[in-house]
file upload.tsv (TSV, C-alpha atoms and all ligand atoms)
chain	number	residue	atom	x	y	z
A	1	MET	CA	-78.95	63.00	-11.35
A	2	MET	CA	-81.91	60.93	-10.34
A	3	SER	CA	-81.43	57.18	-10.31
A	4	LEU	CA	-83.71	54.18	-9.83
A	5	PRO	CA	-83.88	52.65	-6.33
A	6	ILE	CA	-81.71	49.63	-5.46
A	7	ILE	CA	-83.44	46.80	-3.60
A	8	ASP	CA	-81.71	43.89	-1.86
A	9	ILE	CA	-84.10	40.92	-2.09
A	10	SER	CA	-81.98	38.53	0.03
A	11	PRO	CA	-84.36	38.49	3.05
A	12	PHE	CA	-86.97	36.84	0.80
A	13	LEU	CA	-84.50	34.17	-0.35
A	14	ASP	CA	-83.21	33.36	3.12
A	15	ALA	CA	-85.62	31.28	5.22
A	16	SER	CA	-83.92	32.44	8.44
A	17	SER	CA	-84.34	36.18	7.80
A	18	SER	CA	-86.33	38.23	10.30
A	19	PRO	CA	-89.91	39.36	9.59
A	20	ALA	CA	-88.70	42.94	10.16
A	21	SER	CA	-86.07	42.67	7.40
A	22	ARG	CA	-88.68	41.30	4.98
A	23	GLN	CA	-91.10	44.05	5.91
A	24	GLN	CA	-88.42	46.64	5.16
A	25	VAL	CA	-87.86	45.15	1.69
A	26	ALA	CA	-91.62	45.09	1.07
A	27	LEU	CA	-91.82	48.77	1.93
A	28	PHE	CA	-89.01	49.64	-0.50
A	29	ILE	CA	-90.71	47.61	-3.21
A	30	ASN	CA	-94.01	49.41	-2.71
A	31	ASN	CA	-92.25	52.76	-3.02
A	32	ALA	CA	-90.28	51.74	-6.11
A	33	CYS	CA	-93.32	50.22	-7.85
A	34	THR	CA	-95.55	53.19	-7.04
A	35	GLU	CA	-93.01	55.79	-8.08
A	36	PHE	CA	-91.12	54.16	-11.00
A	37	GLY	CA	-92.31	50.64	-11.83
A	38	PHE	CA	-88.55	50.00	-12.17
A	39	PHE	CA	-85.71	49.27	-9.77
A	40	TYR	CA	-82.33	47.54	-9.48
A	41	LEU	CA	-82.31	44.16	-7.74
A	42	THR	CA	-79.35	42.91	-5.71
A	43	GLY	CA	-78.96	40.08	-3.19
A	44	HIS	CA	-80.38	37.56	-5.68
A	45	GLY	CA	-77.57	35.08	-5.07
A	46	ILE	CA	-76.49	34.54	-8.70
A	47	PRO	CA	-72.72	35.17	-8.92
A	48	GLN	CA	-71.55	37.95	-11.19
A	49	ALA	CA	-69.28	35.53	-13.07
A	50	LYS	CA	-72.37	33.50	-14.04
A	51	LEU	CA	-74.12	36.64	-15.28
A	52	GLU	CA	-71.09	37.53	-17.37
A	53	GLU	CA	-71.05	34.05	-18.87
A	54	ILE	CA	-74.72	34.43	-19.87
A	55	ILE	CA	-73.95	37.65	-21.75
A	56	SER	CA	-70.80	36.20	-23.29
A	57	LEU	CA	-72.59	33.10	-24.65
A	58	ALA	CA	-75.30	35.25	-26.23
A	59	ARG	CA	-72.63	37.47	-27.76
A	60	GLN	CA	-70.86	34.43	-29.22
A	61	PHE	CA	-74.11	33.29	-30.82
A	62	PHE	CA	-74.81	36.68	-32.44
A	63	ALA	CA	-71.27	36.78	-33.84
A	64	LEU	CA	-71.97	33.65	-35.94
A	65	PRO	CA	-72.69	33.97	-39.67
A	66	ASN	CA	-76.38	34.50	-40.54
A	67	GLU	CA	-76.56	31.14	-42.21
A	68	GLN	CA	-75.67	29.49	-38.92
A	69	LYS	CA	-78.10	31.62	-36.89
A	70	ASN	CA	-80.95	30.94	-39.31
A	71	LYS	CA	-80.70	27.23	-38.57
A	72	ILE	CA	-82.93	27.98	-35.57
A	73	LYS	CA	-85.07	30.56	-37.35
A	74	ARG	CA	-88.54	31.33	-36.04
A	75	HIS	CA	-91.22	30.21	-38.49
A	76	ASP	CA	-94.88	31.20	-38.60
A	77	ALA	CA	-97.30	28.86	-36.87
A	78	ALA	CA	-99.32	26.35	-38.92
A	79	GLY	CA	-96.71	26.39	-41.67
A	80	PRO	CA	-94.90	23.49	-43.32
A	81	GLU	CA	-91.64	24.27	-41.44
A	82	GLY	CA	-93.26	23.21	-38.14
A	83	GLY	CA	-92.72	26.65	-36.60
A	84	ASP	CA	-94.85	27.85	-33.70
A	85	GLY	CA	-94.76	31.53	-34.60
A	86	ALA	CA	-92.84	32.51	-31.49
A	87	ARG	CA	-89.80	30.41	-30.57
A	88	GLY	CA	-86.50	30.72	-32.36
A	89	TYR	CA	-84.15	33.25	-33.91
A	90	GLN	CA	-85.33	36.50	-35.47
A	91	GLY	CA	-83.04	38.47	-37.72
A	92	MET	CA	-82.51	42.22	-37.70
A	93	GLY	CA	-85.74	44.18	-38.18
A	94	GLU	CA	-88.05	41.17	-37.92
A	95	ASN	CA	-89.59	42.46	-34.68
A	96	VAL	CA	-92.09	45.28	-34.87
A	97	THR	CA	-93.07	47.79	-32.14
A	98	GLN	CA	-95.69	50.46	-32.82
A	99	GLY	CA	-95.56	49.60	-36.51
A	100	LYS	CA	-91.81	50.19	-36.75
A	101	LYS	CA	-89.04	47.70	-37.19
A	102	ASP	CA	-86.82	47.25	-34.15
A	103	MET	CA	-83.11	47.27	-34.89
A	104	HIS	CA	-82.15	44.14	-33.07
A	105	GLU	CA	-81.84	40.40	-33.54
A	106	ALA	CA	-82.95	37.91	-30.93
A	107	ILE	CA	-83.59	34.35	-29.82
A	108	ASP	CA	-86.89	33.82	-28.00
A	109	LEU	CA	-87.26	30.97	-25.53
A	110	TYR	CA	-90.40	30.13	-23.56
A	111	ARG	CA	-91.42	27.59	-20.99
A	112	GLU	CA	-92.10	24.36	-22.88
A	113	TRP	CA	-95.80	23.80	-23.54
A	114	ASP	CA	-96.48	21.42	-20.64
A	115	HIS	CA	-99.76	22.64	-19.11
A	116	ALA	CA	-102.13	21.28	-21.79
A	117	PRO	CA	-102.08	18.92	-24.79
A	118	THR	CA	-100.77	20.42	-28.01
A	119	VAL	CA	-103.22	20.94	-30.87
A	120	GLU	CA	-102.10	20.10	-34.38
A	121	ARG	CA	-103.03	22.70	-36.95
A	122	SER	CA	-104.77	22.24	-40.28
A	123	GLY	CA	-101.47	22.65	-42.13
A	124	GLY	CA	-101.03	18.87	-41.98
A	125	PRO	CA	-98.86	16.52	-39.94
A	126	GLY	CA	-96.19	18.26	-37.90
A	127	THR	CA	-97.65	21.75	-38.12
A	128	ARG	CA	-97.91	23.67	-34.86
A	129	SER	CA	-100.23	26.07	-33.11
A	130	THR	CA	-98.83	29.33	-31.77
A	131	LEU	CA	-96.33	28.78	-28.92
A	132	GLN	CA	-96.83	25.00	-28.94
A	133	GLY	CA	-93.52	23.97	-30.49
A	134	PRO	CA	-90.33	23.08	-28.64
A	135	ASN	CA	-87.65	25.68	-27.94
A	136	LEU	CA	-85.06	26.01	-30.70
A	137	TRP	CA	-81.62	25.95	-29.09
A	138	PRO	CA	-78.47	26.74	-31.06
A	139	ASP	CA	-75.82	24.03	-31.47
A	140	GLU	CA	-73.19	26.70	-31.08
A	141	PRO	CA	-71.87	27.76	-28.65
A	142	GLY	CA	-72.27	24.25	-27.26
A	143	LYS	CA	-72.41	25.40	-23.64
A	144	LEU	CA	-75.27	27.80	-24.23
A	145	LYS	CA	-78.14	25.39	-23.64
A	146	PRO	CA	-76.99	23.73	-20.39
A	147	VAL	CA	-75.77	27.02	-18.91
A	148	TYR	CA	-79.01	28.79	-19.80
A	149	LEU	CA	-81.21	25.98	-18.48
A	150	ALA	CA	-79.46	26.16	-15.10
A	151	TYR	CA	-79.73	29.96	-15.12
A	152	ILE	CA	-83.46	29.85	-15.91
A	153	LYS	CA	-84.00	27.61	-12.88
A	154	GLN	CA	-82.26	30.12	-10.66
A	155	LEU	CA	-84.22	33.00	-12.15
A	156	GLN	CA	-87.53	31.29	-11.46
A	157	ASN	CA	-86.53	31.06	-7.84
A	158	VAL	CA	-85.62	34.75	-7.72
A	159	GLY	CA	-88.86	35.64	-9.54
A	160	SER	CA	-90.88	33.70	-7.03
A	161	ALA	CA	-89.18	35.45	-4.08
A	162	LEU	CA	-89.82	38.79	-5.73
A	163	VAL	CA	-93.55	38.25	-6.27
A	164	ARG	CA	-93.87	36.99	-2.69
A	165	ALA	CA	-92.34	40.28	-1.57
A	166	MET	CA	-94.76	42.14	-3.84
A	167	GLY	CA	-97.79	40.46	-2.26
A	168	GLN	CA	-96.51	41.63	1.10
A	169	ALA	CA	-95.71	45.08	-0.27
A	170	LEU	CA	-99.38	45.47	-1.24
A	171	GLU	CA	-100.35	44.64	2.36
A	172	LEU	CA	-102.50	41.73	1.27
A	173	PRO	CA	-103.57	39.58	4.25
A	174	PRO	CA	-101.20	36.76	5.27
A	175	PRO	CA	-102.16	33.25	4.10
A	176	ASP	CA	-104.48	31.17	6.27
A	177	PRO	CA	-102.18	28.66	8.05
A	178	ASN	CA	-104.97	26.04	7.95
A	179	SER	CA	-105.67	26.15	4.23
A	180	ALA	CA	-103.48	25.99	1.13
A	181	GLY	CA	-105.59	28.54	-0.72
A	182	THR	CA	-106.58	28.44	-4.40
A	183	PRO	CA	-105.35	30.59	-7.29
A	184	GLU	CA	-108.32	32.88	-6.56
A	185	THR	CA	-107.45	33.43	-2.89
A	186	GLU	CA	-106.48	37.08	-2.55
A	187	ASP	CA	-103.83	36.88	0.16
A	188	SER	CA	-100.16	37.89	0.08
A	189	GLU	CA	-99.25	34.62	-1.70
A	190	VAL	CA	-101.60	35.29	-4.63
A	191	PHE	CA	-98.79	36.07	-7.09
A	192	VAL	CA	-96.72	33.09	-5.93
A	193	ARG	CA	-99.61	30.66	-6.60
A	194	ASN	CA	-100.37	32.19	-9.98
A	195	THR	CA	-96.74	31.92	-11.09
A	196	ASP	CA	-95.99	28.42	-9.78
A	197	HIS	CA	-95.91	27.18	-13.42
A	198	SER	CA	-94.69	30.50	-14.77
A	199	PHE	CA	-95.00	30.63	-18.55
A	200	TRP	CA	-91.67	32.44	-18.57
A	201	VAL	CA	-90.03	34.00	-21.60
A	202	MET	CA	-86.35	34.61	-22.14
A	203	ARG	CA	-84.93	36.76	-24.92
A	204	LEU	CA	-81.32	36.90	-25.98
A	205	ILE	CA	-81.03	40.23	-27.78
A	206	GLY	CA	-78.24	41.69	-29.93
A	207	TYR	CA	-78.26	45.39	-30.78
A	208	PRO	CA	-75.95	46.90	-33.38
A	209	LYS	CA	-75.17	50.57	-32.84
A	210	LEU	CA	-77.83	52.74	-34.53
A	211	THR	CA	-76.51	54.68	-37.49
A	212	THR	CA	-79.53	56.85	-38.31
A	213	PRO	CA	-78.70	60.57	-38.05
A	214	VAL	CA	-79.36	62.28	-34.72
A	215	SER	CA	-80.77	65.75	-34.65
A	216	PRO	CA	-82.94	67.18	-31.91
A	217	ASP	CA	-85.69	68.04	-34.43
A	218	ALA	CA	-85.61	64.83	-36.43
A	219	PRO	CA	-88.26	62.30	-35.50
A	220	ILE	CA	-86.75	59.08	-34.27
A	221	THR	CA	-87.65	56.72	-37.08
A	222	SER	CA	-85.78	53.66	-36.04
A	223	LEU	CA	-85.13	52.51	-32.50
A	224	SER	CA	-83.20	49.58	-31.12
A	225	CYS	CA	-86.41	48.60	-29.35
A	226	GLY	CA	-89.48	50.81	-29.58
A	227	GLU	CA	-91.41	52.24	-26.62
A	228	HIS	CA	-93.46	49.55	-24.86
A	229	THR	CA	-94.55	48.04	-21.57
A	230	ASP	CA	-93.75	44.43	-20.71
A	231	TYR	CA	-96.61	41.93	-20.88
A	232	GLY	CA	-96.57	39.97	-17.72
A	233	CYS	CA	-95.49	40.00	-14.15
A	234	VAL	CA	-91.86	40.97	-13.51
A	235	THR	CA	-88.89	41.31	-15.86
A	236	LEU	CA	-85.37	40.51	-14.62
A	237	LEU	CA	-83.14	42.24	-17.12
A	238	LEU	CA	-79.46	41.45	-17.52
A	239	THR	CA	-77.42	43.60	-19.89
A	240	ASP	CA	-73.81	44.10	-20.84
A	241	PRO	CA	-72.18	47.27	-19.40
A	242	THR	CA	-73.16	49.60	-22.32
A	243	PRO	CA	-74.55	52.84	-20.84
A	244	GLY	CA	-77.21	55.17	-22.24
A	245	ALA	CA	-79.24	52.54	-24.08
A	246	LEU	CA	-82.23	51.57	-21.94
A	247	GLN	CA	-84.51	54.50	-21.11
A	248	VAL	CA	-87.43	54.57	-18.70
A	249	LEU	CA	-90.34	57.02	-18.95
A	250	LEU	CA	-90.92	58.84	-15.66
A	251	LYS	CA	-94.35	59.54	-14.18
A	252	ASP	CA	-94.43	63.04	-15.68
A	253	GLY	CA	-94.89	61.27	-19.01
A	254	THR	CA	-92.15	63.24	-20.79
A	255	THR	CA	-88.80	62.63	-19.06
A	256	TRP	CA	-86.71	59.65	-20.16
A	257	LEU	CA	-84.31	58.37	-17.50
A	258	ASN	CA	-81.30	56.24	-18.48
A	259	ALA	CA	-81.40	52.95	-16.60
A	260	ASP	CA	-77.68	52.22	-16.90
A	261	PRO	CA	-76.53	48.81	-15.74
A	262	ILE	CA	-75.04	48.21	-12.29
A	263	PRO	CA	-72.63	45.23	-12.35
A	264	GLY	CA	-74.13	42.19	-10.65
A	265	ALA	CA	-77.64	43.72	-10.36
A	266	PHE	CA	-80.75	43.10	-12.44
A	267	VAL	CA	-82.90	45.90	-13.75
A	268	VAL	CA	-86.40	44.89	-12.71
A	269	ASN	CA	-89.67	46.23	-14.01
A	270	ILE	CA	-93.29	45.26	-13.55
A	271	GLY	CA	-95.51	44.21	-16.43
A	272	ASP	CA	-99.11	44.61	-17.57
A	273	MET	CA	-100.45	41.75	-15.46
A	274	ILE	CA	-99.20	43.34	-12.23
A	275	GLU	CA	-100.75	46.63	-13.30
A	276	ARG	CA	-104.06	44.81	-13.83
A	277	TRP	CA	-103.86	42.85	-10.56
A	278	THR	CA	-103.14	46.07	-8.64
A	279	ASN	CA	-105.83	47.99	-10.56
A	280	GLY	CA	-103.20	50.51	-11.59
A	281	LEU	CA	-101.76	51.18	-8.12
A	282	TRP	CA	-98.52	49.98	-9.75
A	283	LYS	CA	-98.16	50.79	-13.43
A	284	SER	CA	-96.20	48.87	-16.02
A	285	THR	CA	-93.80	51.61	-17.03
A	286	ARG	CA	-93.01	52.47	-20.64
A	287	HIS	CA	-89.41	52.00	-21.73
A	288	ARG	CA	-87.33	51.81	-24.92
A	289	VAL	CA	-83.80	51.13	-26.13
A	290	ILE	CA	-81.78	53.58	-28.22
A	291	HIS	CA	-78.26	52.30	-28.63
A	292	ARG	CA	-76.04	54.96	-30.15
A	293	GLY	CA	-73.05	54.12	-27.96
A	294	GLU	CA	-70.04	52.02	-28.70
A	295	GLY	CA	-69.97	48.37	-29.66
A	296	TYR	CA	-72.53	45.68	-30.16
A	297	ARG	CA	-74.89	45.65	-27.16
A	298	VAL	CA	-76.21	42.39	-25.71
A	299	SER	CA	-79.06	42.03	-23.25
A	300	VAL	CA	-80.89	39.01	-21.84
A	301	PRO	CA	-84.25	39.83	-20.24
A	302	PHE	CA	-86.07	37.09	-18.36
A	303	PHE	CA	-89.81	37.61	-18.10
A	304	PHE	CA	-91.20	35.88	-15.04
A	305	GLU	CA	-94.83	35.55	-16.03
A	306	PRO	CA	-98.08	34.19	-14.64
A	307	ASN	CA	-99.09	30.61	-15.41
A	308	PHE	CA	-100.51	30.37	-18.93
A	309	GLU	CA	-103.95	29.63	-17.54
A	310	ALA	CA	-103.84	32.08	-14.61
A	311	VAL	CA	-106.91	34.29	-14.60
A	312	VAL	CA	-105.74	37.84	-13.97
A	313	ARG	CA	-108.28	40.33	-12.64
A	314	PRO	CA	-107.95	43.30	-10.29
A	315	LEU	CA	-107.59	42.25	-6.63
A	316	GLU	CA	-110.49	43.52	-4.51
A	317	ARG	CA	-108.23	45.25	-2.01
A	318	CYS	CA	-106.43	47.08	-4.77
A	319	VAL	CA	-109.70	48.14	-6.39
A	320	GLU	CA	-110.83	49.60	-3.05
A	321	ARG	CA	-107.55	51.32	-2.39
A	322	SER	CA	-107.34	52.78	-5.89
A	323	GLY	CA	-110.79	54.33	-5.49
A	324	LYS	CA	-111.46	53.45	-9.13
A	325	GLU	CA	-113.62	50.99	-11.02
A	326	ALA	CA	-111.94	47.67	-11.78
A	327	MET	CA	-109.85	48.35	-14.90
A	328	HIS	CA	-110.47	44.92	-16.45
A	329	GLU	CA	-113.03	42.12	-16.15
A	330	GLY	CA	-110.30	39.48	-16.09
A	331	SER	CA	-108.81	37.11	-18.64
A	332	THR	CA	-106.04	34.56	-18.72
A	333	TYR	CA	-102.41	35.52	-19.09
A	334	GLY	CA	-102.24	33.15	-22.08
A	335	GLU	CA	-104.88	35.16	-23.96
A	336	HIS	CA	-102.98	38.38	-23.29
A	337	LEU	CA	-99.71	36.80	-24.44
A	338	LEU	CA	-101.15	35.35	-27.66
A	339	GLY	CA	-102.46	38.80	-28.62
A	340	LYS	CA	-98.98	40.27	-28.04
A	341	VAL	CA	-97.15	37.56	-29.96
A	342	PHE	CA	-99.33	38.18	-33.05
A	343	GLY	CA	-98.73	41.94	-32.77
A	344	ASN	CA	-94.95	41.55	-32.58
A	345	PHE	CA	-94.58	39.98	-35.96
A	346	TYR	CA	-97.70	40.93	-37.86
A	347	GLY	CA	-98.24	44.41	-36.40
B	1	LIG	O1	-82.45	45.48	-23.89
B	1	LIG	C1	-82.96	46.10	-22.97
B	1	LIG	O2	-82.31	46.82	-22.22
B	1	LIG	C2	-84.45	46.06	-22.72
B	1	LIG	C3	-85.22	45.16	-23.62
B	1	LIG	C4	-86.69	45.19	-23.35
B	1	LIG	O3	-87.23	46.14	-22.84
B	1	LIG	C5	-87.54	44.03	-23.69
B	1	LIG	O4	-87.04	43.10	-24.34
B	1	LIG	O5	-88.72	44.01	-23.28
B	2	FE	FE	-89.22	45.63	-22.16

call {"tool": "encode", "arguments": {"input": "upload.tsv", "output": "structure tokens", "more": "lines below"}}
Ligand SMILES: O=C(O)CCC(=O)C(=O)O
Ligand SMILES: [Fe+2]
result
Amino acid sequence: MMSLPIIDISPFLDASSSPASRQQVALFINNACTEFGFFYLTGHGIPQAKLEEIISLARQFFALPNEQKNKIKRHDAAGPEGGDGARGYQGMGENVTQGKKDMHEAIDLYREWDHAPTVERSGGPGTRSTLQGPNLWPDEPGKLKPVYLAYIKQLQNVGSALVRAMGQALELPPPDPNSAGTPETEDSEVFVRNTDHSFWVMRLIGYPKLTTPVSPDAPITSLSCGEHTDYGCVTLLLTDPTPGALQVLLKDGTTWLNADPIPGAFVVNIGDMIERWTNGLWKSTRHRVIHRGEGYRVSVPFFFEPNFEAVVRPLERCVERSGKEAMHEGSTYGEHLLGKVFGNFYG
């Protein structure tokens, strides 16, 4: 049975590693991103016990009564509740993909809005614009917030190492040692610079087992998470050990491959902004979740994204190499994200 490649990123986290070991990793990444857009990541330095604690804390939250969970409910932006339309807890079926309700519940966390002043909305004092509110952390379990904040710091470091490796994997020129470069400089550090204030997203997701009937002819009417690509740069996905839930669409466009978890490894995939930057040399691969297995499945994806104001347009080298017209004229990651956030709840 075919399986996704496994990539050890440690040479990009270890300042004393040899250029040859980094080059080897870059080569593997190029192959994995060209062929699958998905791979397993090891050598990230986060102990397995920490990863298990992350899953366990999310599981404890989802086991609370609804009344308790709804204390941090997501509210629409510009409303009297002071919601920002994005952050907070969403109950079962509140998320929509391709016009269908997803059978999961979730907490969404984002980088705090610290790159620009917040803009109060016309709803009156205390109302918020989309994404401009604070994160809503649960009181229970009490350890969740501090443990997650420390974990998010570590993940940003891993994300940064990964996008550095990606710049090298694309054979972009090395940075000029005499100049710091700007966000527009198209060298191998281009992704690192454009993610240095990553507008990251973290989702804690709980999936009950699907109970809709299975028959090979029946259309799948309700999924745990409908078919989609991820929005941004790279996703570092942590899941509990449940097999057979996450499925990845292969290049043939018809075969779904199970991306079963490997203990201690992240499942990594590239998002829409990397596809745009590479002018489609690397595609953001479609995937979905169908959990018909045993137990209540928990996953915690971390989306390491560009800066909110990063302008993402196809890199010249990638346009040349692809032999195609530039696929996009360029826009900020923030604009792309806002469009997606509206679609998730009002689609
Ligand atoms: O739960 C999973 O395995 C994947 C979730 C996912 O694809 C997403 O949240 O974007
Ligand atoms: Fe996804």

call {"tool": "residues_around", "arguments": {"input": "upload.tsv", "residues": "Gly45 in chain A", "least_positions_apart": "6", "cutoff": "9 Å", "atoms": "all atoms listed in the file", "output": "list in words"}}
result
Ser10, Leu13, Gln154 and Val158 of chain A

call {"tool": "closest_residue", "arguments": {"input": "upload.tsv", "among": "A:Gly37, A:Gly271, A:Pro80, A:Pro5", "to": "Leu337 in chain A", "atoms": "all atoms listed in the file"}}
result
A:Gly271

call {"tool": "closest_atom_pairs", "arguments": {"input": "upload.tsv", "of": "range 263-310 of chain A", "to": "range 235-245 of chain A", "cutoff": "6 Å", "atoms": "all atoms listed in the file", "output": "tab-separated table"}}
result
residue	atom	partner	partner_atom	distance
A:Phe266	CA	A:Leu237	CA	5.3
A:Val267	CA	A:Leu237	CA	5.0
A:Val268	CA	A:Leu236	CA	4.9
A:Asn269	CA	A:Thr235	CA	5.3
A:Val289	CA	A:Ala245	CA	5.2
A:Ile290	CA	A:Ala245	CA	5.0
A:His291	CA	A:Ala245	CA	4.7
A:Val298	CA	A:Asp240	CA	5.7
A:Ser299	CA	A:Thr239	CA	4.1
A:Val300	CA	A:Leu238	CA	5.2
A:Pro301	CA	A:Leu237	CA	4.1
A:Phe302	CA	A:Leu236	CA	5.1
A:Phe303	CA	A:Thr235	CA	4.4
A:Phe304	CA	A:Thr235	CA	6.0

call {"tool": "atom_distance", "arguments": {"input": "upload.tsv", "atom1": "CA of Ser188 in chain A", "atom2": "CA of Asp176 in chain A"}}
result
10.1 Å

call {"tool": "residues_around", "arguments": {"input": "upload.tsv", "residues": "Thr195 in chain A", "least_positions_apart": "4", "cutoff": "8 Å", "atoms": "only C-alpha atoms", "output": "ChimeraX atom specification"}}
result
/A:160,191,199,304-307,310

call {"tool": "closest_residue", "arguments": {"input": "upload.tsv", "among": "A:Gly83, A:Pro208, A:Gly334, A:Pro183", "to": "ligand LIG 1 (chain B)", "atoms": "all atoms listed in the file"}}
result
A:Pro208

call {"tool": "residues_around", "arguments": {"input": "upload.tsv", "residues": "range 318-333 of chain A", "least_positions_apart": "5", "cutoff": "8 Å", "atoms": "all atoms listed in the file", "output": "PyMOL selection string"}}
result
chain A and resi 232+273+276-281+306-313

call {"tool": "residues_near_ligand", "arguments": {"input": "upload.tsv", "ligand": "ligand FE 2 (chain B)", "cutoff": "8 Å", "atoms": "only C-alpha atoms and all ligand atoms", "output": "list in words"}}
result
His228, Thr229, Asp230, Thr235, Arg286, His287, Arg288 and Pro301 of chain A

call {"tool": "closest_residue", "arguments": {"input": "upload.tsv", "among": "A:Glu316, A:Asp272, A:Asp252, A:Glu227", "to": "ligand LIG 1 (chain B)", "atoms": "all atoms listed in the file"}}
result
A:Glu227

call {"tool": "axis_aligned_box", "arguments": {"input": "upload.tsv", "around": "ligand LIG 1 (chain B)", "padding_each_side": "4 Å", "output": "JSON"}}
result
{"center_x": -85.5, "center_y": 45.0, "center_z": -23.3, "size_x": 14.4, "size_y": 11.7, "size_z": 10.1}

call {"tool": "decode", "arguments": {"input": "upload.tsv", "residues": "range 44-92 of chain A", "atoms": "C-alpha atoms", "output": "PDB file, in the first residue's frame"}}
result
ATOM      1  CA  HIS A  44      10.683  18.560  14.923  1.00  0.00           C
ATOM      2  CA  GLY A  45      11.919  18.338  18.515  1.00  0.00           C
ATOM      3  CA  ILE A  46       8.535  18.404  20.291  1.00  0.00           C
ATOM      4  CA  PRO A  47       8.369  15.394  22.639  1.00  0.00           C
ATOM      5  CA  GLN A  48       5.631  12.853  22.030  1.00  0.00           C
ATOM      6  CA  ALA A  49       4.393  13.254  25.620  1.00  0.00           C
ATOM      7  CA  LYS A  50       3.721  16.939  24.897  1.00  0.00           C
ATOM      8  CA  LEU A  51       1.779  16.039  21.749  1.00  0.00           C
ATOM      9  CA  GLU A  52      -0.299  13.564  23.723  1.00  0.00           C
ATOM     10  CA  GLU A  53      -1.055  16.212  26.328  1.00  0.00           C
ATOM     11  CA  ILE A  54      -2.286  18.574  23.595  1.00  0.00           C
ATOM     12  CA  ILE A  55      -4.742  15.958  22.328  1.00  0.00           C
ATOM     13  CA  SER A  56      -5.805  15.006  25.847  1.00  0.00           C
ATOM     14  CA  LEU A  57      -6.581  18.618  26.855  1.00  0.00           C
ATOM     15  CA  ALA A  58      -8.695  19.128  23.727  1.00  0.00           C
ATOM     16  CA  ARG A  59     -10.524  15.876  24.455  1.00  0.00           C
ATOM     17  CA  GLN A  60     -11.246  17.017  28.020  1.00  0.00           C
ATOM     18  CA  PHE A  61     -12.728  20.253  26.704  1.00  0.00           C
ATOM     19  CA  PHE A  62     -15.033  18.495  24.217  1.00  0.00           C
ATOM     20  CA  ALA A  63     -16.263  16.153  26.963  1.00  0.00           C
ATOM     21  CA  LEU A  64     -17.706  19.116  28.906  1.00  0.00           C
ATOM     22  CA  PRO A  65     -21.450  19.821  28.814  1.00  0.00           C
ATOM     23  CA  ASN A  66     -22.586  22.075  25.943  1.00  0.00           C
ATOM     24  CA  GLU A  67     -23.542  24.809  28.351  1.00  0.00           C
ATOM     25  CA  GLN A  68     -19.944  24.995  29.510  1.00  0.00           C
ATOM     26  CA  LYS A  69     -18.505  24.902  25.975  1.00  0.00           C
ATOM     27  CA  ASN A  70     -20.869  27.630  24.791  1.00  0.00           C
ATOM     28  CA  LYS A  71     -19.375  30.035  27.312  1.00  0.00           C
ATOM     29  CA  ILE A  72     -16.704  30.674  24.676  1.00  0.00           C
ATOM     30  CA  LYS A  73     -19.066  30.501  21.714  1.00  0.00           C
ATOM     31  CA  ARG A  74     -18.104  32.184  18.460  1.00  0.00           C
ATOM     32  CA  HIS A  75     -20.403  35.115  17.689  1.00  0.00           C
ATOM     33  CA  ASP A  76     -20.883  36.933  14.399  1.00  0.00           C
ATOM     34  CA  ALA A  77     -18.831  40.071  13.902  1.00  0.00           C
ATOM     35  CA  ALA A  78     -20.418  43.499  14.464  1.00  0.00           C
ATOM     36  CA  GLY A  79     -22.994  41.998  16.807  1.00  0.00           C
ATOM     37  CA  PRO A  80     -23.926  43.024  20.344  1.00  0.00           C
ATOM     38  CA  GLU A  81     -22.089  40.014  21.857  1.00  0.00           C
ATOM     39  CA  GLY A  82     -18.728  41.495  20.810  1.00  0.00           C
ATOM     40  CA  GLY A  83     -17.894  38.476  18.646  1.00  0.00           C
ATOM     41  CA  ASP A  84     -15.406  38.745  15.794  1.00  0.00           C
ATOM     42  CA  GLY A  85     -17.030  36.150  13.561  1.00  0.00           C
ATOM     43  CA  ALA A  86     -14.100  33.760  13.762  1.00  0.00           C
ATOM     44  CA  ARG A  87     -12.630  33.072  17.207  1.00  0.00           C
ATOM     45  CA  GLY A  88     -14.292  30.792  19.698  1.00  0.00           C
ATOM     46  CA  TYR A  89     -16.216  27.537  19.990  1.00  0.00           C
ATOM     47  CA  GLN A  90     -18.461  26.209  17.236  1.00  0.00           C
ATOM     48  CA  GLY A  91     -20.951  23.483  17.975  1.00  0.00           C
ATOM     49  CA  MET A  92     -21.675  20.429  15.863  1.00  0.00           C
TER      50      MET A  92
END
